[in-house]
Amino acid sequence: MQKESAVARPSAHLDADTLRQMYWIMLLSRRTDERAWVLHRQGKIAFHISAMGHEACQVGMAFAIQRGVDYVNPYYRDLALVMALGVTPAQFMVSLFGKVGEYSSGGRQMPSHFGYRPANIISGSAPVATQVPQAAGLAFAIKYRQQMGLVDANDATQPRLALTCLGEGSTSQGEWHEGMNWAGVHKLPFICMVQNNEYAISVPIEAQMAVSNVADRAAAYGVTGVVVDGNDVLAVYDVAKAAVERAYTGGGATLIEAKTYRLTPHSSDDDDRTYRSREEVETWKKKDPILRFQNYLLENSIMTQAELDDADARAKSIVDAAQAEAESTPYPAPEFALGAVYAEEN
Amino acid sequence: MQKESAVARPSAHLDADTLRQMYWIMLLSRRTDERAWVLHRQGKIAFHISAMGHEACQVGMAFAIQRGVDYVNPYYRDLALVMALGVTPAQFMVSLFGKVGEYSSGGRQMPSHFGYRPANIISGSAPVATQVPQAAGLAFAIKYRQQMGLVDANDATQPRLALTCLGEGSTSQGEWHEGMNWAGVHKLPFICMVQNNEYAISVPIEAQMAVSNVADRAAAYGVTGVVVDGNDVLAVYDVAKAAVERAYTGGGATLIEAKTYRLTPHSSDDDDRTYRSREEVETWKKKDPILRFQNYLLENSIMTQAELDDADARAKSIVDAAQAEAESTPYPAPEFALGAVYAEEN
Amino acid sequence: MPIITLIEAIRIAMDEELARDPRVFITGEDVGKRGGVFRATQGLFEKYGPTRVVDSPLAELSIVAIGIGAALADLRPICEIQFADFIHPAFNQIVNEAAKMYYRSEGQWRVPLVIRSPYGGGIGGGLFHSQSVEAFFTHVPGLKVVIPSTPYDAKGLLKSAVRDPNPVLFFEPKKGYRAIKGEVPSDEYTVPIGPARVARQGKDLTLFAYGMMAYYAELAAEQVARQDGIDTEVIDLRTLLPLDKTAILSSIQKTGKALIVHEANLTSGYGAEIAAVLADDGFHYLDAPVKRLCGPDVPGVPFSHPMQEFFMPNPDKIAAAIRDLAAY
Amino acid sequence: MPIITLIEAIRIAMDEELARDPRVFITGEDVGKRGGVFRATQGLFEKYGPTRVVDSPLAELSIVAIGIGAALADLRPICEIQFADFIHPAFNQIVNEAAKMYYRSEGQWRVPLVIRSPYGGGIGGGLFHSQSVEAFFTHVPGLKVVIPSTPYDAKGLLKSAVRDPNPVLFFEPKKGYRAIKGEVPSDEYTVPIGPARVARQGKDLTLFAYGMMAYYAELAAEQVARQDGIDTEVIDLRTLLPLDKTAILSSIQKTGKALIVHEANLTSGYGAEIAAVLADDGFHYLDAPVKRLCGPDVPGVPFSHPMQEFFMPNPDKIAAAIRDLAAY
Ligand SMILES: Cc1ncc(C[n+]2csc(CCOP(=O)(O)OP(=O)(O)O)c2C)c(N)n1
Ligand SMILES: Cc1ncc(C[n+]2csc(CCOP(=O)(O)OP(=O)(O)O)c2C)c(N)n1
Ligand SMILES: [Mg+2]
Ligand SMILES: [Mg+2]
């Protein structure tokens with residue numbers, strides 16, 4: 001891939017600073033994630049669901065959009081994605097504990113049900129794939145505003161696309177089909193990234209669909225479909241950037257399938273030994289997207305080993321601080337359960 | 001097409017008797033259908049929804065399966081299909097009036113909500129596409145019974161496939177996606193025939209989907225997809241027969257798209273002049289599948305003009321008798337509304 | 001004031017809201033050129049064009065979800081579900097998504113969405129074109145559920161629904177679309193979502209109803225007033241969720257007897273909630289058992305005419321129930 | 001008799017039914033190798049193989065629809081919906097299809113289908129892993145709705161559900177899966193769908209509940225008996241649809257006071273129907289307002305512990321409500 005021309009590879013234009021930022025988000029997500037597992041083992045929190053292994057596809061995707069401006073409907077595994085959009089380890093930690101002032105829902109939702117208006121991250125629920133047709137609706141609104149002359153199509157301070165993510169298993173839902181169909185029919189500025197980690201909890205992809213690639217399904221909607229190595233952050237960035245350009249310039253929707261693997265059980269409630277062999281997991285651990293990006297950064301002299309170590313130390317201290325903050329934050333008042341049922345003003 | 005070898009064209013093996021039967025069903029459906037429109041204009045019935053224009057694809061399909069044995073989940077436009085399976089004009093007429101003893105629902109359902117256990121026609125509802133995953137369930141049961149050794153896979157007295165039909169617009173429903181997906185994953189003995197008449201009531205296909213052919217969507221499910229001229233009964237029979245063989249021999253599911261056109265408004269409640277040009281309708285009237293098949297039968301000396309005329313006269317008298325029977329049948333007792341809510345015995 | 005039909009009032013409300021706010025748009029099956037299968041959107045496609053009056057694919061969950069997404073992006077969608085019977089595919093989007101968005105985001109995200117749908121029986125529609133689905137949604141906090149019974153209310157409430165920052169389900173009694181007529185001012189006005197309407201003052205008993213049954217209730221009340229001298233108070237609930245408890249209780253305090261009427265089948269219908277409120281907060285005012293006159297507990301309204309009529313409450317059946325209760 | 005947990009009873013019921021009838025099979029997400037996310041199907045895949053214990057795609061409407069199709073073809077599917085919160089995508093198939101098939105075909109086609117699903121809060125599941133969805137379905141004639149609260153009933157009712165010729169929704173109180181234990185015979189037995197169970201005899205007031213709340217109701221009743229000498233009758237409804245009116249009325253005739261408890265939010269909840277029955281047929285027996293102790297009218301059970309506990313009814317809250325009512 002290194003040999004391809006820079007034209008075909010937008011990532012070749014990324015400056016060293018940006019590459020370091022991308023690495024930093026992947027690392028920070030990983031360290032936060034690892035700490036969550038520790039907290040769970042310590043019995044301090046009840047639940048965690050992990051992004052470990054998925055960081056490259058999430059960060060590669062996030063860096064291709066106008067972060068904080070474009071609409072994003074993530075799914076529960078998108079910790080690195082939302083961190084790239086501005087959610088902090090401290091915010092996430094508070095959500096793990098369900099403490100007062102929790103950023104996404106005031107502690108009403110389980111952790112990893114992301115949502116953060118300041119970064120234009122739409123609040124998510126648990127039922128999978130519901131976010132897909134909603135994201136199509138957001139994309140529809142973008143196009144509507146442009147057609148009505150309410151905004152300028154090139155105004156980068158306004159949302160110009162809607163991005164949504166989900167797992168490969170979740171494409172079995174009718175919700176996914178209907179959302180993709182709108183995106184195709186209306187040529188919407190819409191990107192759907194499927195993070196294909198081969199399993200939906202325990203259900204392997206062969207029991208989920210009879211196609212080799214989820215991206216093959218793009219053909220059913222008249223949208224562009226593309227498969228990418230989801231553990232290669234720059235490869236993801238490249239296809240993501242092309243999809244973003246397509247969206248920004250009226251070229252319609254893209255279905256990106258990022259092939260990846262989760263390095264942990266489905267969630268802290270799961271025991272993946274019942275359905276994944278240890279050999280398989282070990283094989284994928286060798287393809288860890290963070291190690292891979294480290295190697296790239298070292299080989300291309302973008303970061304030194306010392307810088308990597310330093311980043312690690314910084315990440316650790318941020319996570320430590322985040323945990324301390326979360327632990328010392330009080331719980332919300334019980335009656336807080338009664339608030340915010342109906343909006344009052346339009 | 002005439003030039004293709006007989007091997008590739010199962011219809012070349014159809015004997016004259018069968019061809020005449022196929023014509024007869026198409027004709028009988030058409031005449032029944034036309035009479036229903038008359039009854040509606042006369043104010044004798046409240047509602048009719050028509051198969052006119054769709055007879056070829058329905059009859060070509062029906063004659064390819066083991067009629068009365070294989071499971072069929074039709075949709076409201078399938079008058080010719082259910083007639084091919086044994087529903088009579090008299091039965092249909094009684095349903096138009098909602099009279100006592102109505103064959104499908106005892107008069108509880110609107111007409112054209114087909115269902116007839118003696119012919120293994122599953123009872124249908126109005127919400128479109130719900131029958132698709134149900135048909136996949138029937139196909140699943142067929143495969144289950146075979147795998148469990150409860151039936152012999154070659155026993156032609158047992159259902160060996162499930163067939164379902166719907167319009168192209170209805171493929172936008174999540175129900176369709178989910179049903180197709182099961183059919184693909186489990187390689188089910190399942191046929192989905194989409195009768196693509198270019199409109200869903202008033203909504204043209206461009207507002208419905210961004211693909212050129214509904215059959216393109218087969219690629220999303222790993223099933224065979226095929227497009228056929230739905231106004232050519234023998235062409236439909238050919239692709240249907242191939243799909244049936246595939247189903248009977250463990251080759252999995254088929255999505256057949258039959259391109260056709262409805263010659264009437266959507267239903268007696270509709271006025272299609274708001275959305276279809278008269279020219280367009282006239283063009284398609286020239287492609288009337290019944291006229292086309294007549295020509296074929298005449299040209300190939302399978303029927304004479306006198307025989308065609310005679311068939312017409314017979315059809316008319318059957319429809320007359322059916323109407324008379326329906327009109328003289330009493331209405332059900334009001335309290336009949338209360339029956340058959342729960343089955344009592346298993 | 002001009003006298004117009006219920007459906008005209010609905011169309012005018014949409015027309016006015018489209019004109020008022022460029023963020024308002026309509027989507028649903030056949031709402032464009034066809035003007036809707038009941039003609040509720042007739043002329044709006046011609047007037048506002050295909051950007052604002054959008055024929056949807058045949059897929060209800062996406063109609064609602066697109067509406068949710070657009071509402072999140074601060075548009076004001078009006079989504080039409082062609083028949084209430086076809087709202088069920090969208091149940092997940094309505095119940096898990098639209099209703100819970102505000103709460104689950106602690107008010108960060110809101111869904112100012114209107115879902116309009118014709119409901120109810122008596123029009124030869126059989127099991128799948130006659131359903132009354134309100135009770136499924138009145139159990140869902142975060143939603144508002146509105147059912148008008150007069151053209152005046154239909155226009156005023158629909159305009160309020162479009163301006164409401166929450167998801168509003170707006171069910172329209174299709175049998176009354178052309179049958180119900182009434183005076184409607186041509187000027188701008190709204191009717192607030194929330195308060196019930198005392199459709200008829202009375203002192204002998206209270207009849208609680210909404211939609212087509214509220215219309216019938218008034219007819220029945222006139223009939224028993226004329227024929228039997230029974231003075232019935234008719235409360236047209238109009239907004240089912242949130243429920244106007246005050247109106248219910250102040251009426252029962254006056255009359256002491258309650259008859260609840262709806263077309264939906266009895267068990268776990270909306271009437272049960274009214275009865276439950278009366279049995280608790282209204283207990284001391286009650287002089288008689290709380291009666292419900294509802295559709296029978298069968299899976300739907302049958303098509304065949306005699307069975308349909310057997311199923312449906314109507315002014316005569318309501319009048320008979322009033323007499324029984326008054327005689328208690 | 002062995003003492004086992006609620007979830008063991010459920011697993012044993014399925015095991016026995018799979019062994020009894022080759023037409024019985026299970027499908028749902030993760031029911032295979034994983035044995036279900038709650039382990040309700042643990043060991044069944046190993047014992048009966050992939051033909052009979054089938055991991056479904058992640059798509060609830062198809063899980064139900066495949067079940068309907070298979071039931072039409074005379075199999076006996078047991079469909080698992082992983083959490084009741086995820087049943088909404090299947091609402092159309094359940095309400096328009098499974099429930100109406102027998103009626104709409106005048107009995108030609110039947111749907112002997114079981115849909116099992118864990119429901120209820122108090123387990124840190126937040127808005128989308130805690131829902132109590134029963135009231136949506138008790139409004140739907142053609143369905144049966146069953147909620148057991150003891151291992152004995154769970155086994156016996158689930159076996160009846162599998163043998164029932166109608167679609168049965170079988171909701172399992174997930175908080176009680178391991179918390180509720182009880183004696184269960186190893187022999188074959190069934191518990192009929194329909195009759196409620198008098199869980200505790202009493203004369204001062206009646207507490208109506210089901211599922212986890214029936215379990216708590218008994219605890220609360222013991223508490224107030226001990227501490228306050230109040231003698232509470234506890235009716236565990238078990239079958240919510242069809243409703244056992246006789247059991248309700250004969251208890252209220254004895255006690256004259258009713259407290260209804262469920263976790264689902266109050267408005268239009270299942271308790272409303274019980275209250276409505278009491279306010280009509282039970283009117284003359286009532287000595288006090290009919291009380292409901294339910295979840296508050298908010299969109300769901302919050303995740304954060306203090307808010308969750310605030311939401312959930314529990315033995316102490318129930319005991320307090322009993323005392324209030326008894327003192328009335
Ligand atoms: C509608 C619905 N059904 C079931 C679940 C339970 N569930 C949560 S995640 C999950 C598997 C998702 O698999 P996939 O889409 O492949 O995403 P992954 O977790 O592998 O990233 C399931 C079954 C759910 N959240 N929503
Ligand atoms: C779920 C649902 N939504 C809406 C309708 C109303 N409706 C009945 S037929 C129809 C159009 C169907 O179009 P298509 O699938 O192309 O079939 P065609 O009638 O053209 O054969 C619509 C919108 C319905 N029956 N079900
Ligand atoms: Mg996955
Ligand atoms: Mg069509």
# chains A, B, ... in the order shown; residues from 1 in each chain; ligands from 1

call {"tool": "interface_residues", "arguments": {"of": "chain B", "to": "chain C", "cutoff": "6 Å", "atoms": "only C-alpha atoms", "output": "ChimeraX atom specification"}}
result
/B:98,107-110,126,169-170,172-173,202,208,274,334,337

call {"tool": "closest_atom_pairs", "arguments": {"of": "chain C", "to": "ligand 1", "cutoff": "12 Å", "atoms": "only C-alpha atoms and all ligand atoms", "output": "tab-separated table"}}
result
residue	atom	partner	partner_atom_place_in_ligand_line	distance
C:Asn92	CA	ligand 1	1 (C)	9.0
C:Gln93	CA	ligand 1	1 (C)	11.1
C:Asn96	CA	ligand 1	1 (C)	10.2
C:Glu97	CA	ligand 1	1 (C)	11.9

call {"tool": "write_last_selection", "arguments": {"atoms": "N, CA, C and O atoms", "output": "PDB file, in the first residue's frame"}}
result
ATOM      1  N   ASN C  92     -40.982   0.079  17.614  1.00  0.00           N
ATOM      2  CA  ASN C  92     -39.677   0.205  18.253  1.00  0.00           C
ATOM      3  C   ASN C  92     -39.154   1.641  18.181  1.00  0.00           C
ATOM      4  O   ASN C  92     -38.663   2.184  19.169  1.00  0.00           O
ATOM      5  N   GLN C  93     -39.263   2.247  17.015  1.00  0.00           N
ATOM      6  CA  GLN C  93     -38.774   3.624  16.867  1.00  0.00           C
ATOM      7  C   GLN C  93     -39.590   4.588  17.722  1.00  0.00           C
ATOM      8  O   GLN C  93     -39.049   5.570  18.246  1.00  0.00           O
ATOM      9  N   ASN C  96     -39.059   2.934  21.883  1.00  0.00           N
ATOM     10  CA  ASN C  96     -37.696   2.932  22.415  1.00  0.00           C
ATOM     11  C   ASN C  96     -36.924   4.202  22.059  1.00  0.00           C
ATOM     12  O   ASN C  96     -35.984   4.563  22.766  1.00  0.00           O
ATOM     13  N   GLU C  97     -37.304   4.828  20.976  1.00  0.00           N
ATOM     14  CA  GLU C  97     -36.490   5.937  20.479  1.00  0.00           C
ATOM     15  C   GLU C  97     -37.160   7.298  20.720  1.00  0.00           C
ATOM     16  O   GLU C  97     -36.732   8.045  21.581  1.00  0.00           O
TER      17      GLU C  97
END

call {"tool": "closest_atom_pairs", "arguments": {"of": "chain D", "to": "chain C", "cutoff": "6 Å", "atoms": "only C-alpha atoms", "output": "Markdown table"}}
result
| residue | atom | partner | partner_atom | distance |
| --- | --- | --- | --- | --- |
| D:His88 | CA | C:Asn92 | CA | 4.6 |
| D:Pro89 | CA | C:Asn92 | CA | 5.1 |
| D:Phe91 | CA | C:His88 | CA | 5.9 |
| D:Asn92 | CA | C:His88 | CA | 4.6 |
| D:Lys100 | CA | C:Pro299 | CA | 5.5 |
| D:Phe136 | CA | C:Phe136 | CA | 5.4 |
| D:His139 | CA | C:Ser268 | CA | 4.7 |
| D:Pro141 | CA | C:Pro299 | CA | 5.1 |
| D:Thr267 | CA | C:His139 | CA | 5.5 |
| D:Ser268 | CA | C:His139 | CA | 4.7 |
| D:Ala272 | CA | C:Glu273 | CA | 5.0 |
| D:Glu273 | CA | C:Ala272 | CA | 5.0 |
| D:Ala275 | CA | C:Ala276 | CA | 5.0 |
| D:Ala276 | CA | C:Ala275 | CA | 5.0 |
| D:Ala279 | CA | C:Val290 | CA | 5.5 |
| D:Asp280 | CA | C:Pro289 | CA | 4.5 |
| D:Phe283 | CA | C:Pro289 | CA | 5.4 |
| D:Pro289 | CA | C:Asp280 | CA | 4.5 |
| D:Val290 | CA | C:Asp280 | CA | 4.9 |
| D:Asp297 | CA | C:Pro141 | CA | 5.7 |
| D:Val298 | CA | C:Pro141 | CA | 5.3 |
| D:Pro299 | CA | C:Pro141 | CA | 5.1 |

call {"tool": "closest_residue", "arguments": {"among": "A:Met148, A:Ala313, A:Cys57, A:Ile122", "to": "Val236 in chain A", "atoms": "only C-alpha atoms"}}
result
A:Cys57

call {"tool": "atom_distance", "arguments": {"atom1": "CA of Gly106 in chain B", "atom2": "CA of Tyr342 in chain B"}}
result
15.2 Å

call {"tool": "closest_atom_pairs", "arguments": {"of": "chain B", "to": "chain A", "cutoff": "9 Å", "atoms": "only C-alpha atoms", "output": "tab-separated table"}}
result
residue	atom	partner	partner_atom	distance
B:Ser172	CA	A:Glu178	CA	6.3
B:Gln173	CA	A:Glu178	CA	6.6
B:Gly174	CA	A:Gly174	CA	3.5
B:Glu175	CA	A:Gly174	CA	6.2
B:Trp176	CA	A:Gly174	CA	7.9
B:His177	CA	A:Gly174	CA	6.0
B:Glu178	CA	A:Gly174	CA	6.1
B:Asn181	CA	A:Met209	CA	6.4
B:Trp182	CA	A:Met209	CA	7.8
B:Gly184	CA	A:Ala210	CA	5.5
B:Val185	CA	A:Ala210	CA	4.9
B:His186	CA	A:Ala207	CA	8.0
B:Lys187	CA	A:Ala210	CA	8.6
B:Glu206	CA	A:Val185	CA	7.1
B:Ala207	CA	A:Val185	CA	6.1
B:Gln208	CA	A:Val185	CA	6.6
B:Met209	CA	A:Val185	CA	5.3
B:Ala210	CA	A:Val185	CA	4.9
B:Val211	CA	A:Gly222	CA	5.2
B:Ser212	CA	A:Gly222	CA	8.5
B:Val214	CA	A:Ala220	CA	8.0
B:Ala215	CA	A:Ala220	CA	8.7
B:Asp216	CA	A:Ala220	CA	6.0
B:Arg217	CA	A:Ala220	CA	4.3
B:Ala218	CA	A:Ala220	CA	7.7
B:Ala219	CA	A:Arg217	CA	6.7
B:Ala220	CA	A:Arg217	CA	4.3
B:Tyr221	CA	A:Ala210	CA	5.6
B:Gly222	CA	A:Ala210	CA	4.9
B:Val223	CA	A:Ala210	CA	8.0

call {"tool": "residues_around", "arguments": {"residues": "Pro89 in chain A", "least_positions_apart": "6", "cutoff": "9 Å", "atoms": "only C-alpha atoms", "output": "number ranges by chain"}}
result
A: 28-29, 32, 83, 318-319, 321-323

call {"tool": "write_last_selection", "arguments": {"atoms": "all heavy atoms", "output": "CSV table (one decimal), in the first residue's frame"}}
result
chain,number,residue,atom,x,y,z
A,28,LEU,N,-5.5,6.4,24.3
A,28,LEU,CA,-6.3,6.9,25.5
A,28,LEU,C,-7.5,6.0,25.6
A,28,LEU,O,-7.9,5.7,26.8
A,28,LEU,CB,-6.6,8.4,25.3
A,28,LEU,CG,-7.1,9.1,26.5
A,28,LEU,CD1,-6.1,9.2,27.6
A,28,LEU,CD2,-7.5,10.6,26.1
A,29,SER,N,-8.1,5.7,24.5
A,29,SER,CA,-9.3,4.9,24.6
A,29,SER,C,-8.9,3.5,25.1
A,29,SER,O,-9.6,3.0,26.0
A,29,SER,CB,-9.8,4.7,23.1
A,29,SER,OG,-10.9,3.7,23.1
A,32,THR,N,-8.2,3.7,28.9
A,32,THR,CA,-9.4,3.9,29.6
A,32,THR,C,-10.2,2.6,29.7
A,32,THR,O,-10.8,2.2,30.7
A,32,THR,CB,-10.3,5.0,28.9
A,32,THR,OG1,-9.5,6.1,28.8
A,32,THR,CG2,-11.5,5.3,29.7
A,83,MET,N,-14.3,9.4,21.8
A,83,MET,CA,-13.1,10.1,22.4
A,83,MET,C,-12.5,11.0,21.3
A,83,MET,O,-12.1,12.1,21.6
A,83,MET,CB,-12.1,9.1,22.9
A,83,MET,CG,-12.6,8.6,24.3
A,83,MET,SD,-11.2,7.8,25.2
A,83,MET,CE,-11.9,7.7,26.8
A,318,ILE,N,-3.8,10.4,33.1
A,318,ILE,CA,-5.1,10.9,32.8
A,318,ILE,C,-6.2,9.9,33.3
A,318,ILE,O,-7.2,10.3,33.9
A,318,ILE,CB,-5.2,11.2,31.3
A,318,ILE,CG1,-4.4,12.4,31.0
A,318,ILE,CG2,-6.7,11.4,30.9
A,318,ILE,CD1,-4.3,12.7,29.5
A,319,VAL,N,-5.9,8.7,33.0
A,319,VAL,CA,-6.9,7.7,33.4
A,319,VAL,C,-7.0,7.6,34.9
A,319,VAL,O,-8.1,7.4,35.5
A,319,VAL,CB,-6.6,6.3,32.8
A,319,VAL,CG1,-7.5,5.2,33.3
A,319,VAL,CG2,-6.8,6.4,31.2
A,321,ALA,N,-6.5,10.0,37.0
A,321,ALA,CA,-7.2,11.1,37.5
A,321,ALA,C,-8.7,11.0,37.2
A,321,ALA,O,-9.5,11.4,38.0
A,321,ALA,CB,-6.6,12.4,36.8
A,322,ALA,N,-9.0,10.4,36.0
A,322,ALA,CA,-10.4,10.3,35.7
A,322,ALA,C,-11.1,9.3,36.7
A,322,ALA,O,-12.2,9.6,37.1
A,322,ALA,CB,-10.5,9.7,34.2
A,323,GLN,N,-10.4,8.3,37.0
A,323,GLN,CA,-11.0,7.3,37.9
A,323,GLN,C,-11.2,8.0,39.3
A,323,GLN,O,-12.3,7.8,39.9
A,323,GLN,CB,-10.1,6.1,38.1
A,323,GLN,CG,-10.6,5.1,39.1
A,323,GLN,CD,-9.7,3.9,39.3
A,323,GLN,OE1,-8.9,3.6,38.4
A,323,GLN,NE2,-9.8,3.2,40.4

call {"tool": "select_by_dssp", "arguments": {"residues": "range 123-184 of chain A", "states": "strand (DSSP E)", "output": "list of chain:residue names"}}
result
A:Ala162, A:Leu163, A:Thr164, A:Cys165, A:Leu166, A:Gly167

call {"tool": "write_last_selection", "arguments": {"atoms": "N, CA and C atoms", "output": "PDB file, in the first residue's frame"}}
result
ATOM      1  N   ALA A 162     -23.988  12.756   8.047  1.00  0.00           N
ATOM      2  CA  ALA A 162     -24.297  11.971   9.244  1.00  0.00           C
ATOM      3  C   ALA A 162     -23.578  10.642   9.120  1.00  0.00           C
ATOM      4  N   LEU A 163     -22.893  10.314  10.192  1.00  0.00           N
ATOM      5  CA  LEU A 163     -22.134   9.054  10.252  1.00  0.00           C
ATOM      6  C   LEU A 163     -22.766   8.160  11.304  1.00  0.00           C
ATOM      7  N   THR A 164     -22.935   6.902  10.977  1.00  0.00           N
ATOM      8  CA  THR A 164     -23.386   5.967  12.006  1.00  0.00           C
ATOM      9  C   THR A 164     -22.558   4.705  11.938  1.00  0.00           C
ATOM     10  N   CYS A 165     -22.420   4.048  13.086  1.00  0.00           N
ATOM     11  CA  CYS A 165     -21.676   2.787  13.155  1.00  0.00           C
ATOM     12  C   CYS A 165     -22.528   1.699  13.781  1.00  0.00           C
ATOM     13  N   LEU A 166     -22.224   0.491  13.430  1.00  0.00           N
ATOM     14  CA  LEU A 166     -22.849  -0.667  14.076  1.00  0.00           C
ATOM     15  C   LEU A 166     -22.038  -1.906  13.760  1.00  0.00           C
ATOM     16  N   GLY A 167     -22.378  -2.995  14.430  1.00  0.00           N
ATOM     17  CA  GLY A 167     -21.685  -4.255  14.177  1.00  0.00           C
ATOM     18  C   GLY A 167     -22.299  -4.999  13.005  1.00  0.00           C
TER      19      GLY A 167
END
